[in-house]
Number of protein chains: 2
Amino acid sequence: MDEPKPLRPTSEATLRRLPIYHHLLQKRLATGIKTISCSQIAEELSCDATQIRKDLAVTGIKGRPKVGYDLAALILSIEIFLGWSRVRKAFLAGAGHLGSALLGYNRFHHYGLDIVAAFDRDPDRVGTKVHGREVLPINKLAGLAKRMRVEVGIITVPAPVAQEVADFMVSGGVRAIWNFAPTKINVPAGVIVQNEDLYSSLGVLLQKLSAAHRLR
Amino acid sequence: MDEPKPLRPTSEATLRRLPIYHHLLQKRLATGIKTISCSQIAEELSCDATQIRKDLAVTGIKGRPKVGYDLAALILSIEIFLGWSRVRKAFLAGAGHLGSALLGYNRFHHYGLDIVAAFDRDPDRVGTKVHGREVLPINKLAGLAKRMRVEVGIITVPAPVAQEVADFMVSGGVRAIWNFAPTKINVPAGVIVQNEDLYSSLGVLLQKLSAAHRLR
DNA sequence: GTAGAATCGAGAAATAATTCTCTACTAACA
DNA sequence: TGTTAGTAGAGAATTATTTCTCGATTCTAC
Ligand SMILES: NC(=O)c1ccc[n+]([C@@H]2O[C@H](COP(=O)([O-])OP(=O)(O)OC[C@H]3O[C@@H](n4cnc5c(N)ncnc54)[C@H](O)[C@@H]3O)[C@@H](O)[C@H]2O)c1
Ligand SMILES: NC(=O)c1ccc[n+]([C@@H]2O[C@H](COP(=O)([O-])OP(=O)(O)OC[C@H]3O[C@@H](n4cnc5c(N)ncnc54)[C@H](O)[C@@H]3O)[C@@H](O)[C@H]2O)c1
């Protein structure tokens, strides 16, 4: 099975939709059905069937006319494509409100991520356990990351110290950073940064609400 | 000051970038500078200056050649455009891990959102306080929302019950929903839904990491 | 004053993403 | 064994977004 060779990387829009399909497909799998078509998915998500077909195509799955896709095979195909089939170790920096919520979420290892430890600067937090994961002093992060070959870093510290924490991660050999602090972090080429900016999301929501108001 | 009349609504991409500019601008304001140009912002965020100029234009701000924009005026212009200048009341449903993190975040009221109460189904949680906000039984949500004219609903319940909770919010007159459950929720036309799907974000991160692996 | 440099703003061009169209295939059914 | 309807997949057309280009404006320095 030769993988599709993407001359251009898959568009971010497509990547963001694949997990949405994945979730729906898993719900359907539980009902016992064996196949699913793009039209059915499109109906359920109220979006365009052709778009779904193109999105799914990037994972390398093949469908059958009049039938659709084999449900289990499709789910697997998405998981392999997204890198969810191989679990990667992650360190989380900032065991505060948001960090604790992420640590308490026990589903990430189904989605390719295993948060193995948390780090904090606050001496009161260091040494405690948050949802079963030990909280270690932040100055241990780089060394341990290197030793344990941790690939992913999660930043849930306040924005002003996000860069400093990112630098620790990079020096520890982390190759991808999931950044929840609302600020840009600079990393060397080759390190992947995914920003999860809740304010962007809130901005979209409230602007649409305001715009709706203005129209009336 | 006549507002720019958007025949087409502002693109989601632009809306998502405005809060990022906003954050940078506030950092700059603290340093005491009075004006800022698109080139400076572009330099700092490593993106295109023309794009920033077009993004800022949707807010109605006017810049001056050779100078840039008045910093305070620009910040205000973004806030007004995004609807952050008027604070809206919000109810949060699901006072679990993620819900508590959001309740513990005391900055949202600077960004147009005031989470006034939380709701849960779990009798052990109902009656307690989470970060100063009372947790009320979920069956009170619709009635209270109507009475208090709550405009925004935040969903942090498990995916299988997200639709049911959304229905309560809609029947309570809520006009916009911030949905953290990884599932589609159906609402009548006119109600705005903003999905905050962490798995989409994670999918992008891990796929890029996998793709980088494959190249080497 | 005048020259020069930096920047905004508007429109054009290029690029990317989405949607449409058509063909070929598959299954169900008469 | 046709016949029909539903669907994947490929490519074209459309639409949206980003990037480029250029003229107009404003500040600074001489
Ligand atoms: N909680 C939310 O709902 C929410 C919403 C939007 C954005 N955010 C962002 O997420 C980040 C965390 O928010 P939070 O509410 O969890 O904050 P928090 O204050 O609860 O947690 C931050 C944690 O980081 C630790 N920390 C501080 N400096 C550190 C350092 N140099 N090294 C290691 N640890 C350090 C603190 O000790 C604390 O435990 C912030 O950047 C915030 O803007 C949070
Ligand atoms: N915690 C995370 O890091 C994280 C990450 C990604 C996605 N999410 C999503 O966020 C949502 C919440 O996650 P969580 O980790 O906070 O879960 P949680 O179990 O900690 O909290 C869920 C809360 O919802 C309450 N609840 C359940 N059914 C309810 C109902 N019908 N009405 C009102 N309240 C109800 C529960 O009592 C509980 O307090 C889930 O949809 C989850 O998929 C969470």
# chains A, B, ... in the order shown; residues from 1 in each chain; ligands from 1

$ residues_near_ligand --ligand "ligand 1" --cutoff "6 Å" --atoms "only C-alpha atoms (C1' of nucleotides) and all ligand atoms" --output "list in words"
Ala93, Gly94, Ala95, Gly96, His97, Leu98, Gly99, Phe119, Asp120, Arg121, Asp122, Ile138, Thr156, Val157, Pro158, Ala159, Val161, Phe180, Ala181, Pro182 and Leu198 of chain A; Ala101, Leu102 and Tyr105 of chain B

$ write_last_selection --atoms "N, CA and C atoms" --output "PDB file, in the first residue's frame"
ATOM      1  N   ALA A  93       3.356  22.021  30.309  1.00  0.00           N
ATOM      2  CA  ALA A  93       3.940  23.041  31.175  1.00  0.00           C
ATOM      3  C   ALA A  93       2.863  24.011  31.632  1.00  0.00           C
ATOM      4  N   GLY A  94       2.691  24.123  32.955  1.00  0.00           N
ATOM      5  CA  GLY A  94       1.682  25.015  33.520  1.00  0.00           C
ATOM      6  C   GLY A  94       0.477  24.259  34.035  1.00  0.00           C
ATOM      7  N   ALA A  95       0.600  23.689  35.237  1.00  0.00           N
ATOM      8  CA  ALA A  95      -0.470  22.857  35.786  1.00  0.00           C
ATOM      9  C   ALA A  95      -1.501  23.703  36.516  1.00  0.00           C
ATOM     10  N   GLY A  96      -1.997  24.726  35.839  1.00  0.00           N
ATOM     11  CA  GLY A  96      -3.017  25.587  36.427  1.00  0.00           C
ATOM     12  C   GLY A  96      -4.412  25.112  36.056  1.00  0.00           C
ATOM     13  N   HIS A  97      -5.324  26.063  35.888  1.00  0.00           N
ATOM     14  CA  HIS A  97      -6.711  25.709  35.563  1.00  0.00           C
ATOM     15  C   HIS A  97      -6.810  24.903  34.281  1.00  0.00           C
ATOM     16  N   LEU A  98      -6.322  25.503  33.225  1.00  0.00           N
ATOM     17  CA  LEU A  98      -6.459  24.861  31.921  1.00  0.00           C
ATOM     18  C   LEU A  98      -5.597  23.606  31.830  1.00  0.00           C
ATOM     19  N   GLY A  99      -4.379  23.703  32.317  1.00  0.00           N
ATOM     20  CA  GLY A  99      -3.486  22.547  32.293  1.00  0.00           C
ATOM     21  C   GLY A  99      -4.090  21.357  33.023  1.00  0.00           C
ATOM     22  N   PHE A 119       4.681  20.102  34.342  1.00  0.00           N
ATOM     23  CA  PHE A 119       5.748  20.918  34.929  1.00  0.00           C
ATOM     24  C   PHE A 119       5.188  22.259  35.347  1.00  0.00           C
ATOM     25  N   ASP A 120       5.724  22.777  36.445  1.00  0.00           N
ATOM     26  CA  ASP A 120       5.245  24.073  36.927  1.00  0.00           C
ATOM     27  C   ASP A 120       6.381  24.780  37.650  1.00  0.00           C
ATOM     28  N   ARG A 121       6.216  26.075  37.827  1.00  0.00           N
ATOM     29  CA  ARG A 121       7.222  26.852  38.528  1.00  0.00           C
ATOM     30  C   ARG A 121       6.866  27.005  40.004  1.00  0.00           C
ATOM     31  N   ASP A 122       5.552  26.974  40.253  1.00  0.00           N
ATOM     32  CA  ASP A 122       5.044  27.204  41.601  1.00  0.00           C
ATOM     33  C   ASP A 122       5.461  26.065  42.545  1.00  0.00           C
ATOM     34  N   ILE A 138       9.862  23.025  36.643  1.00  0.00           N
ATOM     35  CA  ILE A 138      10.003  23.384  35.231  1.00  0.00           C
ATOM     36  C   ILE A 138      11.446  23.262  34.735  1.00  0.00           C
ATOM     37  N   THR A 156       0.529  25.669  28.743  1.00  0.00           N
ATOM     38  CA  THR A 156      -0.648  26.257  29.409  1.00  0.00           C
ATOM     39  C   THR A 156      -0.166  27.144  30.557  1.00  0.00           C
ATOM     40  N   VAL A 157       0.861  27.917  30.273  1.00  0.00           N
ATOM     41  CA  VAL A 157       1.345  28.906  31.230  1.00  0.00           C
ATOM     42  C   VAL A 157       0.847  30.287  30.783  1.00  0.00           C
ATOM     43  N   PRO A 158       0.935  31.302  31.652  1.00  0.00           N
ATOM     44  CA  PRO A 158       0.528  32.649  31.235  1.00  0.00           C
ATOM     45  C   PRO A 158       1.362  33.124  30.040  1.00  0.00           C
ATOM     46  N   ALA A 159       0.748  33.952  29.217  1.00  0.00           N
ATOM     47  CA  ALA A 159       1.375  34.409  27.970  1.00  0.00           C
ATOM     48  C   ALA A 159       2.783  34.984  28.156  1.00  0.00           C
ATOM     49  N   VAL A 161       5.239  34.216  29.933  1.00  0.00           N
ATOM     50  CA  VAL A 161       6.327  33.260  30.091  1.00  0.00           C
ATOM     51  C   VAL A 161       6.274  32.139  29.055  1.00  0.00           C
ATOM     52  N   PHE A 180      -1.443  27.007  24.106  1.00  0.00           N
ATOM     53  CA  PHE A 180      -2.724  27.572  24.538  1.00  0.00           C
ATOM     54  C   PHE A 180      -2.584  29.009  25.030  1.00  0.00           C
ATOM     55  N   ALA A 181      -1.376  29.518  25.104  1.00  0.00           N
ATOM     56  CA  ALA A 181      -1.200  30.910  25.524  1.00  0.00           C
ATOM     57  C   ALA A 181      -1.460  31.820  24.332  1.00  0.00           C
ATOM     58  N   PRO A 182      -2.177  32.918  24.547  1.00  0.00           N
ATOM     59  CA  PRO A 182      -2.545  33.782  23.420  1.00  0.00           C
ATOM     60  C   PRO A 182      -1.401  34.689  23.014  1.00  0.00           C
ATOM     61  N   LEU A 198      -8.124  30.668  22.268  1.00  0.00           N
ATOM     62  CA  LEU A 198      -9.554  30.738  22.607  1.00  0.00           C
ATOM     63  C   LEU A 198     -10.131  32.110  22.300  1.00  0.00           C
TER      64      LEU A 198
ATOM     65  N   ALA B 101     -12.192  25.193  34.398  1.00  0.00           N
ATOM     66  CA  ALA B 101     -11.062  26.001  33.919  1.00  0.00           C
ATOM     67  C   ALA B 101     -11.579  27.309  33.332  1.00  0.00           C
ATOM     68  N   LEU B 102     -12.636  27.225  32.556  1.00  0.00           N
ATOM     69  CA  LEU B 102     -13.202  28.439  31.949  1.00  0.00           C
ATOM     70  C   LEU B 102     -13.761  29.366  33.036  1.00  0.00           C
ATOM     71  N   TYR B 105     -11.181  31.387  34.792  1.00  0.00           N
ATOM     72  CA  TYR B 105     -10.442  32.350  33.996  1.00  0.00           C
ATOM     73  C   TYR B 105     -11.096  33.707  34.119  1.00  0.00           C
TER      74      TYR B 105
END

$ residues_around --residues "DT4 of chain D" --least-positions-apart "6" --cutoff "12 Å" --atoms "only C-alpha atoms (C1' of nucleotides)" --output "VMD selection string"
chain C and resid 26 to 30

$ write_last_selection --atoms "all heavy atoms" --output "compact mmCIF listing (two decimals), in the first residue's frame"
# COMPACT_ATOMS: atom_id res chain seq x y z
P DT C 26 -17.05 -1.88 -10.27
OP1 DT C 26 -15.94 -2.26 -9.38
OP2 DT C 26 -17.32 -2.61 -11.53
O5' DT C 26 -18.38 -1.90 -9.41
C5' DT C 26 -18.42 -1.21 -8.17
C4' DT C 26 -19.85 -1.19 -7.69
O4' DT C 26 -20.66 -0.42 -8.59
C3' DT C 26 -20.50 -2.57 -7.61
O3' DT C 26 -20.69 -2.86 -6.23
C2' DT C 26 -21.81 -2.42 -8.39
C1' DT C 26 -21.97 -0.92 -8.54
N1 DT C 26 -22.65 -0.42 -9.77
C2 DT C 26 -23.77 0.37 -9.62
O2 DT C 26 -24.25 0.67 -8.54
N3 DT C 26 -24.34 0.80 -10.80
C4 DT C 26 -23.88 0.53 -12.08
O4 DT C 26 -24.47 0.97 -13.06
C5 DT C 26 -22.70 -0.29 -12.16
C7 DT C 26 -22.14 -0.66 -13.49
C6 DT C 26 -22.14 -0.74 -11.00
P DA C 27 -21.10 -4.35 -5.77
OP1 DA C 27 -20.47 -4.60 -4.47
OP2 DA C 27 -20.92 -5.31 -6.89
O5' DA C 27 -22.65 -4.14 -5.53
C5' DA C 27 -23.06 -3.21 -4.54
C4' DA C 27 -24.52 -2.90 -4.74
O4' DA C 27 -24.71 -2.38 -6.07
C3' DA C 27 -25.44 -4.12 -4.62
O3' DA C 27 -26.36 -3.87 -3.57
C2' DA C 27 -26.10 -4.24 -6.00
C1' DA C 27 -25.95 -2.83 -6.56
N9 DA C 27 -25.88 -2.76 -8.01
C8 DA C 27 -24.99 -3.40 -8.83
N7 DA C 27 -25.15 -3.12 -10.12
C5 DA C 27 -26.23 -2.24 -10.13
C6 DA C 27 -26.89 -1.58 -11.17
N6 DA C 27 -26.56 -1.71 -12.46
N1 DA C 27 -27.93 -0.77 -10.83
C2 DA C 27 -28.25 -0.64 -9.55
N3 DA C 27 -27.70 -1.21 -8.47
C4 DA C 27 -26.68 -2.01 -8.84
P DA C 28 -27.33 -5.02 -3.03
OP1 DA C 28 -27.40 -4.90 -1.56
OP2 DA C 28 -26.96 -6.30 -3.67
O5' DA C 28 -28.73 -4.54 -3.64
C5' DA C 28 -29.13 -3.19 -3.46
C4' DA C 28 -30.37 -2.92 -4.28
O4' DA C 28 -30.00 -2.82 -5.68
C3' DA C 28 -31.44 -4.03 -4.19
O3' DA C 28 -32.71 -3.41 -4.03
C2' DA C 28 -31.30 -4.78 -5.51
C1' DA C 28 -30.85 -3.65 -6.44
N9 DA C 28 -30.08 -4.09 -7.60
C8 DA C 28 -29.04 -4.98 -7.64
N7 DA C 28 -28.51 -5.16 -8.83
C5 DA C 28 -29.28 -4.32 -9.64
C6 DA C 28 -29.23 -4.05 -11.02
N6 DA C 28 -28.35 -4.62 -11.85
N1 DA C 28 -30.12 -3.17 -11.52
C2 DA C 28 -30.99 -2.60 -10.67
N3 DA C 28 -31.13 -2.76 -9.36
C4 DA C 28 -30.23 -3.65 -8.90
P DC C 29 -34.00 -4.35 -3.78
OP1 DC C 29 -34.84 -3.65 -2.79
OP2 DC C 29 -33.57 -5.75 -3.56
O5' DC C 29 -34.75 -4.28 -5.20
C5' DC C 29 -34.77 -3.06 -5.92
C4' DC C 29 -35.38 -3.28 -7.28
O4' DC C 29 -34.34 -3.65 -8.22
C3' DC C 29 -36.41 -4.42 -7.30
O3' DC C 29 -37.53 -4.03 -8.06
C2' DC C 29 -35.64 -5.56 -7.96
C1' DC C 29 -34.80 -4.76 -8.96
N1 DC C 29 -33.62 -5.49 -9.49
C2 DC C 29 -33.24 -5.27 -10.82
O2 DC C 29 -33.89 -4.48 -11.52
N3 DC C 29 -32.16 -5.95 -11.32
C4 DC C 29 -31.48 -6.78 -10.53
N4 DC C 29 -30.43 -7.41 -11.06
C5 DC C 29 -31.85 -7.02 -9.18
C6 DC C 29 -32.92 -6.36 -8.70
P DA C 30 -38.92 -4.86 -7.91
OP1 DA C 30 -39.88 -4.02 -7.15
OP2 DA C 30 -38.62 -6.24 -7.46
O5' DA C 30 -39.41 -4.92 -9.42
C5' DA C 30 -39.54 -3.72 -10.17
C4' DA C 30 -39.24 -3.98 -11.62
O4' DA C 30 -37.93 -4.60 -11.73
C3' DA C 30 -40.23 -4.95 -12.30
O3' DA C 30 -40.55 -4.44 -13.58
C2' DA C 30 -39.45 -6.26 -12.41
C1' DA C 30 -38.02 -5.76 -12.55
N9 DA C 30 -36.99 -6.69 -12.06
C8 DA C 30 -36.88 -7.23 -10.81
N7 DA C 30 -35.85 -8.03 -10.67
C5 DA C 30 -35.24 -8.02 -11.90
C6 DA C 30 -34.08 -8.67 -12.40
N6 DA C 30 -33.32 -9.48 -11.68
N1 DA C 30 -33.75 -8.43 -13.70
C2 DA C 30 -34.52 -7.60 -14.44
N3 DA C 30 -35.63 -6.93 -14.06
C4 DA C 30 -35.93 -7.19 -12.78

$ residues_around --residues "DA8 of chain D" --least-positions-apart "2" --cutoff "9 Å" --atoms "only C-alpha atoms (C1' of nucleotides)" --output "PyMOL selection string"
(chain A and resi 53+62-68) or (chain C and resi 25)

$ write_last_selection --atoms "N, CA and C atoms (P, O5', C5', C4', C3', O3' and C1' of nucleotides)" --output "CSV table (one decimal), in the first residue's frame"
chain,number,residue,atom,x,y,z
A,53,ARG,N,-15.7,14.2,0.1
A,53,ARG,CA,-15.1,13.2,-0.7
A,53,ARG,C,-13.6,13.6,-1.0
A,62,LYS,N,-10.3,4.3,-0.5
A,62,LYS,CA,-11.0,4.2,-1.7
A,62,LYS,C,-12.5,3.8,-1.4
A,63,GLY,N,-13.4,4.4,-2.1
A,63,GLY,CA,-14.8,4.1,-1.9
A,63,GLY,C,-15.3,3.2,-3.0
A,64,ARG,N,-16.6,2.8,-2.9
A,64,ARG,CA,-17.2,2.0,-4.0
A,64,ARG,C,-18.5,2.7,-4.3
A,65,PRO,N,-18.7,2.9,-5.7
A,65,PRO,CA,-19.9,3.6,-6.1
A,65,PRO,C,-21.1,2.8,-5.6
A,66,LYS,N,-22.1,3.6,-5.3
A,66,LYS,CA,-23.4,3.1,-4.8
A,66,LYS,C,-23.4,2.6,-3.4
A,67,VAL,N,-22.2,2.4,-2.8
A,67,VAL,CA,-22.0,1.9,-1.5
A,67,VAL,C,-21.4,2.9,-0.5
A,68,GLY,N,-20.4,3.5,-1.0
A,68,GLY,CA,-19.7,4.4,-0.1
A,68,GLY,C,-18.4,3.8,0.4
C,25,DC,P,-15.7,1.7,-15.7
C,25,DC,O5',-16.2,1.1,-14.3
C,25,DC,C5',-15.7,1.7,-13.1
C,25,DC,C4',-16.8,1.6,-12.0
C,25,DC,C3',-17.4,0.2,-11.9
C,25,DC,O3',-16.9,-0.3,-10.6
C,25,DC,C1',-19.0,1.9,-11.7

$ closest_residue --among "B:Ser200, B:Thr14, B:Asn106, B:Asn186" --to "chain D" --atoms "only C-alpha atoms (C1' of nucleotides)"
B:Thr14

$ residues_around --residues "Thr59 of chain A" --least-positions-apart "6" --cutoff "6 Å" --atoms "only C-alpha atoms (C1' of nucleotides)" --output "ChimeraX atom specification"
/A:77-78,81
